[in-house]
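Peer 1: Here you go, entry.pdb (PDB, C-alpha atoms and all ligand atoms):
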ATOM      1  CA  MET A 258     -14.007   4.634   5.437
ATOM      2  CA  GLU A 259     -15.342   3.257   2.177
ATOM      3  CA  ASP A 260     -12.933   1.540  -0.214
ATOM      4  CA  LYS A 261     -13.748   4.051  -2.937
ATOM      5  CA  GLU A 262     -12.880   6.995  -0.747
ATOM      6  CA  LEU A 263      -9.535   5.497   0.242
ATOM      7  CA  TYR A 264      -8.840   4.670  -3.410
ATOM      8  CA  ARG A 265      -9.522   8.278  -4.407
ATOM      9  CA  ILE A 266      -6.910   9.416  -1.876
ATOM     10  CA  ALA A 267      -4.398   6.961  -3.378
ATOM     11  CA  GLU A 268      -5.240   8.216  -6.842
ATOM     12  CA  LYS A 269      -4.572  11.784  -5.847
ATOM     13  CA  ALA A 270      -1.356  10.770  -4.079
ATOM     14  CA  PHE A 271       0.280   9.268  -7.153
ATOM     15  CA  GLU A 272       0.479  12.720  -8.690
ATOM     16  CA  ASN A 273       3.429  13.247  -6.320
ATOM     17  CA  ALA A 274       5.213  10.026  -7.300
ATOM     18  CA  TYR A 275       8.848  10.373  -8.306
ATOM     19  CA  ALA A 276       9.109   7.950 -11.205
ATOM     20  CA  PRO A 277      11.398   9.444 -13.882
ATOM     21  CA  TYR A 278      12.766   6.010 -14.853
ATOM     22  CA  SER A 279       9.658   3.861 -15.175
ATOM     23  CA  ASN A 280       7.074   6.604 -15.655
ATOM     24  CA  PHE A 281       4.855   4.268 -13.627
ATOM     25  CA  LYS A 282       3.457   6.445 -10.873
ATOM     26  CA  VAL A 283       1.964   4.710  -7.856
ATOM     27  CA  GLY A 284       0.087   6.088  -4.881
ATOM     28  CA  ALA A 285      -0.999   4.310  -1.727
ATOM     29  CA  ALA A 286      -3.435   5.341   0.991
ATOM     30  CA  LEU A 287      -3.139   3.449   4.264
ATOM     31  CA  LEU A 288      -5.954   3.537   6.804
ATOM     32  CA  ALA A 289      -4.778   3.163  10.390
ATOM     33  CA  ALA A 290      -6.876   1.607  13.152
ATOM     34  CA  ASP A 291      -7.556   5.043  14.642
ATOM     35  CA  GLY A 292      -8.945   6.363  11.357
ATOM     36  CA  SER A 293      -5.853   8.274  10.277
ATOM     37  CA  VAL A 294      -4.845   8.010   6.621
ATOM     38  CA  PHE A 295      -1.217   7.978   5.519
ATOM     39  CA  THR A 296      -0.283   8.317   1.879
ATOM     40  CA  GLY A 297       2.818   7.175   0.061
ATOM     41  CA  VAL A 298       4.223   7.276  -3.447
ATOM     42  CA  ASN A 299       6.913   5.373  -5.259
ATOM     43  CA  VAL A 300      10.241   7.153  -5.044
ATOM     44  CA  GLU A 301      12.623   5.900  -7.705
ATOM     45  CA  ASN A 302      16.373   6.255  -7.640
ATOM     46  CA  SER A 303      19.060   6.292 -10.310
ATOM     47  CA  THR A 304      20.532   3.150  -8.738
ATOM     48  CA  TYR A 305      17.174   1.418  -9.245
ATOM     49  CA  GLY A 306      17.803  -0.811  -6.223
ATOM     50  CA  ALA A 307      17.286   2.071  -3.823
ATOM     51  CA  THR A 308      13.777   2.670  -5.133
ATOM     52  CA  ILE A 309      10.965   2.457  -2.593
ATOM     53  CA  CYS A 310       7.383   1.525  -3.438
ATOM     54  CA  ALA A 311       4.345   3.607  -2.535
ATOM     55  CA  GLU A 312       3.053   1.011  -0.068
ATOM     56  CA  ARG A 313       6.283   0.906   1.929
ATOM     57  CA  ALA A 314       6.531   4.695   1.817
ATOM     58  CA  ALA A 315       3.044   4.908   3.340
ATOM     59  CA  VAL A 316       3.803   2.330   6.048
ATOM     60  CA  ALA A 317       7.124   3.993   6.918
ATOM     61  CA  LYS A 318       5.396   7.345   7.195
ATOM     62  CA  ALA A 319       2.666   5.884   9.418
ATOM     63  CA  VAL A 320       5.066   4.013  11.694
ATOM     64  CA  SER A 321       7.185   7.153  11.964
ATOM     65  CA  GLU A 322       4.093   8.927  13.275
ATOM     66  CA  GLY A 323       3.414   6.207  15.852
ATOM     67  CA  ALA A 324       0.774   4.106  14.075
ATOM     68  CA  ARG A 325       1.150   0.328  14.308
ATOM     69  CA  GLU A 326      -2.184  -1.185  13.296
ATOM     70  CA  PHE A 327      -3.830  -0.787   9.922
ATOM     71  CA  SER A 328      -7.122  -1.912   8.473
ATOM     72  CA  LYS A 329      -6.939  -1.105   4.747
ATOM     73  CA  ILE A 330      -4.605   0.071   2.029
ATOM     74  CA  ALA A 331      -5.651   1.278  -1.402
ATOM     75  CA  VAL A 332      -3.218   1.357  -4.302
ATOM     76  CA  ALA A 333      -3.690   3.361  -7.501
ATOM     77  CA  SER A 334      -1.297   3.985 -10.356
ATOM     78  CA  SER A 335      -0.884   5.780 -13.635
ATOM     79  CA  GLY A 336      -1.251   2.334 -15.217
ATOM     80  CA  GLY A 337      -4.454   1.350 -13.420
ATOM     81  CA  GLY A 338      -4.707  -1.329 -10.760
ATOM     82  CA  ALA A 339      -1.475  -2.417  -9.109
ATOM     83  CA  TRP A 340      -1.148  -5.147  -6.508
ATOM     84  CA  PRO A 341       1.705  -4.727  -4.020
ATOM     85  CA  CYS A 342       5.014  -6.424  -4.804
ATOM     86  CA  GLY A 343       6.347  -9.228  -2.631
ATOM     87  CA  ILE A 344       8.593  -6.989  -0.541
ATOM     88  CA  CYS A 345       5.675  -4.685   0.255
ATOM     89  CA  ARG A 346       3.434  -7.618   1.130
ATOM     90  CA  GLN A 347       5.973  -8.788   3.692
ATOM     91  CA  PHE A 348       6.530  -5.230   4.946
ATOM     92  CA  MET A 349       2.806  -4.738   5.583
ATOM     93  CA  TYR A 350       2.387  -8.233   7.045
ATOM     94  CA  GLU A 351       4.702  -7.214   9.874
ATOM     95  CA  PHE A 352       1.995  -4.929  11.219
ATOM     96  CA  SER A 353      -1.347  -6.152   9.910
ATOM     97  CA  PRO A 354      -1.647  -9.653   8.415
ATOM     98  CA  ASP A 355      -5.392  -9.132   7.961
ATOM     99  CA  LEU A 356      -4.962  -5.859   6.098
ATOM    100  CA  ARG A 357      -7.555  -5.318   3.363
ATOM    101  CA  VAL A 358      -5.683  -4.569   0.122
ATOM    102  CA  ILE A 359      -7.645  -2.670  -2.510
ATOM    103  CA  THR A 360      -6.777  -1.773  -6.087
ATOM    104  CA  GLY A 361      -8.391  -1.432  -9.489
ATOM    105  CA  ASP A 362      -8.332   0.493 -12.714
ATOM    106  CA  ASP A 363     -10.763   3.029 -11.283
ATOM    107  CA  GLU A 364     -13.046   3.429  -8.305
ATOM    108  CA  GLU A 365     -15.901   1.613 -10.073
ATOM    109  CA  HIS A 366     -13.767  -1.488 -10.683
ATOM    110  CA  LEU A 367     -12.060  -2.162  -7.385
ATOM    111  CA  GLN A 368     -10.907  -5.543  -6.182
ATOM    112  CA  ALA A 369      -9.901  -6.366  -2.629
ATOM    113  CA  HIS A 370      -8.162  -9.244  -0.923
ATOM    114  CA  SER A 371      -6.897  -9.892   2.570
ATOM    115  CA  LEU A 372      -3.134  -9.615   2.854
ATOM    116  CA  ASN A 373      -3.236 -13.122   4.373
ATOM    117  CA  LYS A 374      -4.401 -14.360   1.001
ATOM    118  CA  LEU A 375      -1.854 -12.348  -0.984
ATOM    119  CA  LEU A 376       0.989 -13.510   1.266
ATOM    120  CA  TRP A 377       0.021 -16.930   2.465
ATOM    121  CA  LYS A 378       1.831 -17.944   5.663
ATOM    122  CA  GLY A 379       3.908 -14.783   5.717
ATOM    123  CA  PHE A 380       6.726 -14.503   8.209
ATOM    124  CA  ARG A 381       5.914 -12.658  11.428
ATOM    125  CA  LEU A 382       6.991 -12.634  15.035
ATOM    126  CA  GLU A 383       4.018 -13.299  17.290
ATOM    127  CA  GLN A 384       4.439 -10.532  19.885
ATOM    128  CA  LYS A 385       2.801  -7.682  18.020
TER
HETATM  129 ZN    ZN B   1       6.469  -2.897  -3.443
END
Please go through the file and, once you have read it, give me the structure as structure tokens.
Peer 2:
Amino acid sequence: MEDKELYRIAEKAFENAYAPYSNFKVGAALLAADGSVFTGVNVENSTYGATICAERAAVAKAVSEGAREFSKIAVASSGGGAWPCGICRQFMYEFSPDLRVITGDDEEHLQAHSLNKLLWKGFRLEQK
């Protein structure tokens, strides 16, 4: 799947974000090795600390459905491009250190980096 197509799915996903506190809506579209796409949105909470990001929501949804290997994730937000936070980088690294991470202000201005670059020497058990 092309980066642009995955990004468009992430863009559509953020419409469902629950972000009454920040008003910063984020959507993620995660492409699994088998071609399945799992979306996620940020889900904020009145305690703030219980908030979950769109990327982790997508990974949790995918893992819940049995997926374990991922090739790409696209992230879109109501504020334009949004790189994953540190917690999400580690969360994704658990499954796919070589994950291609894509974001940008719109589909014509996408940037992509390998998760290995965004989380250099991330922590991971070797038996995946
Ligand atoms: Zn995050």
Peer 1: Could you list, as a list in words, every residue within 8 Å of range 372-375 of chain A, counting all atoms listed in the file and ignoring same-chain residues fewer than 3 positions away?
Peer 2: Arg346, Tyr350, Pro354, Asp355, Leu356, Arg357, Val358, Lys378 and Gly379 of chain A
Peer 1: Restricted to C-alpha atoms, what would the selected residues look like written as a PDB file, in the coordinates of the input?
Peer 2:
ATOM      1  CA  ARG A 346       3.434  -7.618   1.130  1.00  0.00           C
ATOM      2  CA  TYR A 350       2.387  -8.233   7.045  1.00  0.00           C
ATOM      3  CA  PRO A 354      -1.647  -9.653   8.415  1.00  0.00           C
ATOM      4  CA  ASP A 355      -5.392  -9.132   7.961  1.00  0.00           C
ATOM      5  CA  LEU A 356      -4.962  -5.859   6.098  1.00  0.00           C
ATOM      6  CA  ARG A 357      -7.555  -5.318   3.363  1.00  0.00           C
ATOM      7  CA  VAL A 358      -5.683  -4.569   0.122  1.00  0.00           C
ATOM      8  CA  LYS A 378       1.831 -17.944   5.663  1.00  0.00           C
ATOM      9  CA  GLY A 379       3.908 -14.783   5.717  1.00  0.00           C
TER      10      GLY A 379
END
Peer 1: Work out how far apart CA of Gly337 in chain A and CA of Ala324 in chain A are and give it in Å to one decimal.
Peer 2: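 Here the two named atoms are 28.1 Å from each other.
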Peer 1: CA of Trp377 in chain A and CA of Ser293 in chain A are how many Å apart?
Peer 2: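 These two atoms are separated by 27.0 Å.
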Peer 1: Given the choices A:Leu287, A:Cys345, A:Ala274, A:Val300, which gets closest to ligand ZN 1 (chain B) if the distance is worked out from all atoms listed in the file?
Peer 2: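 Looking at the shortest contact to ligand ZN 1 (chain B), the residue is A:Cys345.
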Peer 1: Could you list, as JSON, numbers by chain, all residues that come within 10 Å of ligand ZN 1 (chain B)? Count all atoms listed in the file.
Peer 2: {"A": [283, 299, 308, 309, 310, 311, 312, 313, 314, 339, 340, 341, 342, 343, 344, 345, 346, 347, 348, 349]}
Peer 1: Limited to C-alpha atoms, could you put the picked residues into a file as a compact mmCIF listing (two decimals), in the coordinates of the input?
Peer 2:
# COMPACT_ATOMS: atom_id res chain seq x y z
CA VAL A 283 1.96 4.71 -7.86
CA ASN A 299 6.91 5.37 -5.26
CA THR A 308 13.78 2.67 -5.13
CA ILE A 309 10.96 2.46 -2.59
CA CYS A 310 7.38 1.52 -3.44
CA ALA A 311 4.34 3.61 -2.54
CA GLU A 312 3.05 1.01 -0.07
CA ARG A 313 6.28 0.91 1.93
CA ALA A 314 6.53 4.70 1.82
CA ALA A 339 -1.48 -2.42 -9.11
CA TRP A 340 -1.15 -5.15 -6.51
CA PRO A 341 1.70 -4.73 -4.02
CA CYS A 342 5.01 -6.42 -4.80
CA GLY A 343 6.35 -9.23 -2.63
CA ILE A 344 8.59 -6.99 -0.54
CA CYS A 345 5.68 -4.68 0.26
CA ARG A 346 3.43 -7.62 1.13
CA GLN A 347 5.97 -8.79 3.69
CA PHE A 348 6.53 -5.23 4.95
CA MET A 349 2.81 -4.74 5.58
